[in-house]
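Engineer: Hey, dropping coords_37.tsv in here, TSV, C-alpha atoms and all ligand atoms:
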```
chain	number	residue	atom	x	y	z
S	91	MET	CA	-44.02	5.05	24.95
S	92	THR	CA	-41.09	2.65	25.24
S	93	GLN	CA	-39.45	1.99	21.89
S	94	LYS	CA	-37.77	-1.34	21.26
S	95	ILE	CA	-34.94	-1.77	18.75
S	96	LEU	CA	-32.04	-4.12	18.02
S	97	ILE	CA	-28.45	-2.85	18.19
S	98	ASP	CA	-25.84	-5.37	16.99
S	99	ASN	CA	-28.66	-7.90	17.21
S	100	PHE	CA	-29.21	-7.29	20.95
S	101	PRO	CA	-32.50	-5.88	22.26
S	102	TYR	CA	-32.54	-2.28	23.56
S	103	ILE	CA	-35.36	-0.13	24.93
S	104	SER	CA	-35.56	3.66	24.79
S	105	TYR	CA	-34.65	5.48	28.01
S	106	GLU	CA	-36.58	8.62	28.87
S	107	ASN	CA	-35.05	11.43	30.93
S	108	LYS	CA	-37.40	12.64	33.65
S	109	ASN	CA	-36.76	16.22	32.49
S	110	PHE	CA	-37.19	17.80	35.92
S	111	ASN	CA	-36.03	21.41	36.07
S	112	SER	CA	-32.84	22.17	37.99
S	113	GLU	CA	-34.72	23.44	41.09
S	114	THR	CA	-36.66	20.19	41.33
S	115	ILE	CA	-33.46	18.18	40.93
S	116	LEU	CA	-31.80	20.12	43.78
S	117	GLU	CA	-34.90	19.67	45.90
S	118	ASN	CA	-34.93	15.92	45.17
S	119	ALA	CA	-31.23	15.63	45.99
S	120	SER	CA	-31.68	17.59	49.24
S	121	LEU	CA	-34.70	15.57	50.36
S	122	PHE	CA	-32.87	12.32	49.75
S	123	TYR	CA	-29.81	13.62	51.60
S	124	ASP	CA	-31.96	14.60	54.60
S	125	GLN	CA	-33.47	11.15	54.62
S	126	MET	CA	-30.12	9.34	54.37
S	127	GLU	CA	-28.46	11.66	56.88
S	128	ALA	CA	-31.01	10.43	59.45
S	129	ARG	CA	-29.86	6.81	59.05
S	130	ARG	CA	-28.04	5.31	61.99
S	131	SER	CA	-26.55	1.91	62.69
S	132	VAL	CA	-28.73	0.42	65.39
S	133	ARG	CA	-27.57	-2.29	67.79
S	134	ASN	CA	-30.62	-2.52	70.05
S	135	PHE	CA	-33.64	-4.06	68.38
S	136	SER	CA	-37.22	-4.72	69.41
S	137	GLU	CA	-38.83	-8.11	68.77
S	138	LYS	CA	-41.67	-6.43	66.86
S	139	PRO	CA	-42.29	-8.51	63.73
S	140	VAL	CA	-41.68	-7.39	60.15
S	141	SER	CA	-43.54	-9.11	57.31
S	142	GLN	CA	-41.80	-11.38	54.84
S	143	GLU	CA	-43.30	-9.22	52.07
S	144	VAL	CA	-41.34	-6.19	53.33
S	145	ILE	CA	-38.11	-8.19	53.52
S	146	GLU	CA	-38.63	-9.51	50.00
S	147	LYS	CA	-39.28	-6.01	48.63
S	148	ILE	CA	-36.15	-4.64	50.29
S	149	ILE	CA	-34.08	-7.46	48.82
S	150	GLN	CA	-35.63	-6.88	45.41
S	151	THR	CA	-34.49	-3.26	45.69
S	152	ALA	CA	-30.94	-4.32	46.62
S	153	SER	CA	-30.88	-6.59	43.61
S	154	THR	CA	-31.50	-3.59	41.30
S	155	ALA	CA	-27.88	-2.54	41.95
S	156	PRO	CA	-25.52	-2.34	38.98
S	157	SER	CA	-23.08	-5.26	38.79
S	158	GLY	CA	-20.14	-6.44	36.68
S	159	ALA	CA	-21.51	-7.59	33.29
S	160	HIS	CA	-24.96	-7.54	34.91
S	161	LYS	CA	-24.26	-10.88	36.57
S	162	GLN	CA	-25.87	-9.86	39.92
S	163	PRO	CA	-23.35	-12.01	41.83
S	164	TRP	CA	-25.23	-12.14	45.12
S	165	THR	CA	-27.61	-14.30	47.16
S	166	PHE	CA	-29.60	-12.89	50.08
S	167	ILE	CA	-30.55	-15.42	52.76
S	168	ALA	CA	-33.42	-14.04	54.87
S	169	ILE	CA	-33.82	-15.77	58.22
S	170	GLN	CA	-36.69	-15.47	60.69
S	171	ASN	CA	-36.39	-19.01	62.10
S	172	HIS	CA	-35.47	-18.66	65.76
S	173	GLU	CA	-33.32	-21.79	66.00
S	174	ILE	CA	-31.20	-20.71	63.04
S	175	LYS	CA	-30.84	-17.19	64.46
S	176	SER	CA	-29.71	-18.68	67.80
S	177	GLU	CA	-27.22	-20.93	66.07
S	178	ILE	CA	-25.82	-17.92	64.19
S	179	ARG	CA	-25.60	-15.88	67.40
S	180	LYS	CA	-23.75	-18.64	69.21
S	181	ALA	CA	-21.24	-19.12	66.38
S	182	ALA	CA	-20.77	-15.36	65.83
S	183	GLU	CA	-20.19	-14.71	69.54
S	184	LYS	CA	-17.60	-17.50	69.68
S	185	GLU	CA	-15.59	-15.76	66.93
S	186	GLU	CA	-16.19	-12.29	68.34
S	187	LEU	CA	-15.05	-13.31	71.84
S	188	GLU	CA	-11.79	-14.57	70.34
S	189	SER	CA	-11.45	-11.41	68.22
S	190	TYR	CA	-12.06	-8.97	71.08
S	191	ASN	CA	-9.77	-10.92	73.43
S	192	ASN	CA	-6.95	-11.97	71.12
S	193	ARG	CA	-7.21	-10.90	67.49
S	194	MET	CA	-7.93	-7.16	67.52
S	195	THR	CA	-5.14	-4.65	68.19
S	196	ASP	CA	-5.30	-2.12	71.02
S	197	GLU	CA	-5.63	0.66	68.43
S	198	TRP	CA	-8.64	-1.11	66.90
S	199	LEU	CA	-10.30	-1.71	70.29
S	200	ASN	CA	-9.72	1.95	71.17
S	201	ASP	CA	-11.26	3.08	67.86
S	202	LEU	CA	-14.39	1.05	68.69
S	203	LYS	CA	-14.80	2.39	72.23
S	204	PRO	CA	-17.09	5.32	71.26
S	205	LEU	CA	-19.37	2.84	69.46
S	206	GLY	CA	-19.83	0.69	72.56
S	207	THR	CA	-19.41	-2.65	70.76
S	208	ASP	CA	-18.31	-5.86	72.43
S	209	TRP	CA	-18.34	-9.59	71.69
S	210	GLN	CA	-21.97	-10.04	72.68
S	211	LYS	CA	-24.48	-9.90	69.83
S	212	PRO	CA	-28.01	-10.24	71.24
S	213	PHE	CA	-29.42	-8.46	68.16
S	214	LEU	CA	-28.73	-11.65	66.19
S	215	GLU	CA	-31.59	-13.29	68.11
S	216	VAL	CA	-33.79	-10.32	69.01
S	217	ALA	CA	-34.22	-8.73	65.56
S	218	PRO	CA	-37.13	-10.37	63.70
S	219	TRP	CA	-35.00	-10.97	60.58
S	220	LEU	CA	-31.38	-11.54	59.67
S	221	ILE	CA	-30.25	-11.12	56.10
S	222	VAL	CA	-27.00	-12.87	55.29
S	223	MET	CA	-25.65	-11.63	52.02
S	224	PHE	CA	-23.42	-14.05	50.09
S	225	SER	CA	-21.21	-13.06	47.18
S	226	GLN	CA	-20.99	-15.51	44.29
S	227	THR	CA	-17.40	-16.01	43.14
S	228	THR	CA	-18.75	-17.69	39.97
S	229	ALA	CA	-22.21	-18.61	38.68
S	230	THR	CA	-23.64	-21.98	39.71
S	231	ASN	CA	-22.59	-23.37	36.32
S	232	LYS	CA	-19.04	-22.03	36.96
S	233	SER	CA	-19.35	-19.28	34.30
S	234	LYS	CA	-17.46	-16.12	35.26
S	235	HIS	CA	-18.52	-13.28	37.54
S	236	TYR	CA	-16.72	-9.93	37.46
S	237	TYR	CA	-16.03	-7.22	40.06
S	238	VAL	CA	-17.79	-9.33	42.66
S	239	GLN	CA	-16.64	-7.30	45.70
S	240	GLU	CA	-17.59	-3.99	44.12
S	241	SER	CA	-20.95	-5.29	42.89
S	242	CYS	CA	-21.84	-6.71	46.30
S	243	GLY	CA	-20.73	-3.50	48.04
S	244	ILE	CA	-23.08	-1.47	45.86
S	245	ALA	CA	-25.96	-3.92	46.41
S	246	ALA	CA	-25.33	-3.81	50.17
S	247	GLY	CA	-25.58	0.00	49.99
S	248	PHE	CA	-28.89	-0.25	48.15
S	249	LEU	CA	-30.11	-2.77	50.73
S	250	ILE	CA	-29.23	-0.49	53.66
S	251	ALA	CA	-30.87	2.50	51.93
S	252	ALA	CA	-34.02	0.44	51.22
S	253	ILE	CA	-34.24	-0.72	54.84
S	254	HIS	CA	-33.88	2.85	56.09
S	255	GLN	CA	-36.30	4.26	53.54
S	256	ALA	CA	-38.94	1.73	54.61
S	257	GLY	CA	-38.64	3.03	58.19
S	258	LEU	CA	-36.72	0.06	59.61
S	259	CYS	CA	-33.28	-0.23	61.15
S	260	THR	CA	-30.22	-2.32	60.46
S	261	LEU	CA	-26.57	-2.78	61.26
S	262	THR	CA	-23.75	-3.95	59.01
S	263	HIS	CA	-22.30	-6.74	61.08
S	264	THR	CA	-19.19	-8.56	59.92
S	265	PRO	CA	-18.20	-11.23	62.41
S	266	SER	CA	-14.72	-12.33	61.49
S	267	PRO	CA	-14.05	-14.95	60.25
S	268	MET	CA	-17.53	-15.48	58.79
S	269	ASN	CA	-17.25	-18.95	57.31
S	270	PHE	CA	-19.55	-20.46	59.96
S	271	LEU	CA	-22.42	-18.79	58.06
S	272	LYS	CA	-21.74	-20.87	54.98
S	273	LYS	CA	-21.84	-24.04	57.10
S	274	ILE	CA	-24.94	-23.21	59.13
S	275	LEU	CA	-26.86	-22.09	56.05
S	276	ASN	CA	-25.52	-24.94	53.92
S	277	ARG	CA	-24.55	-22.68	51.01
S	278	PRO	CA	-22.91	-23.99	47.84
S	279	GLU	CA	-19.21	-23.94	46.97
S	280	ASN	CA	-19.42	-20.78	44.80
S	281	GLU	CA	-20.79	-18.57	47.61
S	282	ARG	CA	-18.83	-16.59	50.24
S	283	PRO	CA	-20.43	-14.86	53.25
S	284	TYR	CA	-20.31	-11.10	52.56
S	285	LEU	CA	-22.35	-9.27	55.18
S	286	LEU	CA	-24.76	-10.03	58.01
S	287	LEU	CA	-27.59	-7.57	58.71
S	288	PRO	CA	-30.18	-7.75	61.49
S	289	ILE	CA	-33.39	-5.97	60.43
S	290	GLY	CA	-36.26	-4.67	62.50
S	291	TYR	CA	-37.38	-1.78	64.67
S	292	ALA	CA	-35.13	-0.07	67.21
S	293	SER	CA	-35.92	-1.02	70.81
S	294	GLU	CA	-37.70	1.47	73.03
S	295	ASN	CA	-35.17	3.78	74.68
S	296	CYS	CA	-32.61	3.05	72.01
S	297	TYR	CA	-29.50	5.23	72.11
S	298	VAL	CA	-26.94	5.55	69.32
S	299	PRO	CA	-23.47	7.11	69.63
S	300	ASP	CA	-23.40	10.90	69.31
S	301	ILE	CA	-20.92	10.90	66.44
S	302	GLN	CA	-20.73	13.28	63.49
S	303	ARG	CA	-20.16	12.71	59.80
S	304	LYS	CA	-17.27	14.41	57.99
S	305	PRO	CA	-18.28	17.78	56.51
S	306	LEU	CA	-18.63	17.99	52.74
S	307	ASN	CA	-15.34	19.87	52.26
S	308	GLU	CA	-13.45	16.96	53.83
S	309	VAL	CA	-14.92	14.35	51.53
S	310	VAL	CA	-15.12	16.22	48.22
S	311	LYS	CA	-12.59	18.08	46.07
S	312	ILE	CA	-14.08	19.79	43.04
S	313	TYR	CA	-11.78	19.81	40.00
N	401	LIG	N1	-16.80	-7.30	64.07
N	401	LIG	C1	-16.74	-6.81	65.44
N	401	LIG	C2	-15.83	-5.63	65.58
N	401	LIG	C3	-16.18	-4.38	64.87
N	401	LIG	C4	-15.31	-3.90	63.93
N	401	LIG	C5	-15.54	-2.72	63.31
N	401	LIG	I1	-14.17	-1.99	62.01
N	401	LIG	C6	-16.72	-1.98	63.59
N	401	LIG	O1	-16.96	-0.78	62.94
N	401	LIG	C7	-17.60	-2.46	64.53
N	401	LIG	C8	-17.33	-3.67	65.15
N	401	LIG	C9	-18.15	-6.50	65.97
N	401	LIG	O2	-19.11	-6.59	65.19
N	401	LIG	O3	-18.29	-6.20	67.13
```
Show me this structure written as structure tokens.
Structural biologist:
Amino acid sequence: MTQKILIDNFPYISYENKNFNSETILENASLFYDQMEARRSVRNFSEKPVSQEVIEKIIQTASTAPSGAHKQPWTFIAIQNHEIKSEIRKAAEKEELESYNNRMTDEWLNDLKPLGTDWQKPFLEVAPWLIVMFSQTTATNKSKHYYVQESCGIAAGFLIAAIHQAGLCTLTHTPSPMNFLKKILNRPENERPYLLLPIGYASENCYVPDIQRKPLNEVVKIY
């Protein structure tokens, strides 16, 4: 039973440990790892529809992320309207063409070669949904937000995990610069475009790069 008390005059509720034994915890951790290890960034989408209810649930999950002073400094714009998706594709490709031709260094272009990216972004129209995540530099009433970049990064991670867990695919797309998104979507002064994610099913005969993740001993040092 949840207990409610006041501490320093603020409301608190009791928090119950799940009290799993250590084997169950390892099993849980391993199962979740296996699931996340199977996630891939997908660039070829099918037009198969996804319900608004699913998109809303995924966004609700992302919004459970911890954030600076619990301000939840994010707005998720979910777009299925074809005209808006086309407008976003056109504007994104204009920036990407300039980036690939003139803004990115040779080292950068070389680093991207194994991923097979280029300036063309058909997934922005083909995927049934786009989610454009905006960070909020302040609240609407100008009150302060804290650790906005970190908070949004964590929420984006939750969003990607929720999409994958549901059995759908996504891609973290960051056209640069991204300000056209604020214009097209008519977002208020306090919001900055943070991340653009197409969401849907992978196309039939979808291939992803055969790349490996760093082994554990390269990413962890136990002290
Ligand atoms: N934003 C460009 C380029 C790009 C940059 C990085 I770093 C990537 O990991 C992938 C792509 C694009 O979306 O093509």
Engineer: Compute the set of protein, DNA and RNA residues whose minimum atom distance to ligand LIG 401 (chain N) is at most 10 Å, using all atoms listed in the file, and state it as a VMD selection string.
Structural biologist: chain S and resid 131 133 182 to 183 185 to 187 189 to 190 194 198 to 199 201 to 203 205 to 211 261 to 268 286
Engineer: Might you pull out every residue within 9 Å of Glu294 in chain S, with all atoms listed in the file counted and same-chain residues fewer than 6 positions away left off, and present them as a ChimeraX atom specification?
Structural biologist: /S:134-136
Engineer: Residues at most 9 Å from range 232-245 of chain S, counting only C-alpha atoms, excluding those fewer than 2 positions away in the same chain, as a ChimeraX atom specification?
Structural biologist: /S:151-164,223-230,247-250,280,284
Engineer: Any idea what the distance is between CA of Arg179 in chain S and CA of Pro212 in chain S?
Structural biologist: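 Taking CA of Arg179 in chain S and CA of Pro212 in chain S, their separation equals 7.2 Å.
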Engineer: Quick one: residues within 12 Å of Arg303 in chain S, only C-alpha atoms, excluding same-chain residues fewer than 2 positions away - as a PyMOL selection string?
Structural biologist: chain S and resi 126-130+299-301+305-309
Engineer: Mind pulling up the distance from CA of Lys138 in chain S to CA of Leu214 in chain S?
Structural biologist: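 According to the coordinates, CA of Leu214 in chain S and CA of Lys138 in chain S are separated by 14.0 Å.
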Engineer: Counting all atoms listed in the file, figure out which residue out of S:Asn200, S:Asn276, S:Ser112, S:Gln255 gets nearest to Ile167 in chain S.
Structural biologist: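 Among the listed residues, the smallest separation from Ile167 in chain S belongs to S:Asn276.
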Engineer: Output range 202-213 of chain S with N, CA and C atoms present, as a compact mmCIF listing (two decimals), keeping the file's coordinate frame.
Structural biologist:
```
# COMPACT_ATOMS: atom_id res chain seq x y z
N LEU S 202 -13.00 1.52 68.56
CA LEU S 202 -14.39 1.05 68.69
C LEU S 202 -15.05 1.52 69.98
N LYS S 203 -14.24 2.03 70.92
CA LYS S 203 -14.80 2.39 72.23
C LYS S 203 -16.00 3.33 72.15
N PRO S 204 -15.93 4.40 71.33
CA PRO S 204 -17.09 5.32 71.26
C PRO S 204 -18.35 4.66 70.71
N LEU S 205 -18.20 3.51 70.05
CA LEU S 205 -19.37 2.84 69.46
C LEU S 205 -19.98 1.83 70.43
N GLY S 206 -19.27 1.55 71.51
CA GLY S 206 -19.83 0.69 72.56
C GLY S 206 -20.04 -0.76 72.13
N THR S 207 -19.24 -1.24 71.18
CA THR S 207 -19.41 -2.65 70.76
C THR S 207 -18.66 -3.58 71.70
N ASP S 208 -19.10 -4.82 71.78
CA ASP S 208 -18.31 -5.86 72.43
C ASP S 208 -18.63 -7.19 71.77
N TRP S 209 -18.19 -8.29 72.37
CA TRP S 209 -18.34 -9.59 71.69
C TRP S 209 -19.77 -10.12 71.72
N GLN S 210 -20.60 -9.52 72.56
CA GLN S 210 -21.97 -10.04 72.68
C GLN S 210 -22.86 -9.46 71.60
N LYS S 211 -23.67 -10.33 70.97
CA LYS S 211 -24.48 -9.90 69.83
C LYS S 211 -25.94 -10.32 69.98
N PRO S 212 -26.61 -9.84 71.03
CA PRO S 212 -28.01 -10.24 71.24
C PRO S 212 -28.91 -9.89 70.05
N PHE S 213 -28.55 -8.85 69.29
CA PHE S 213 -29.42 -8.46 68.16
C PHE S 213 -29.57 -9.59 67.14
```
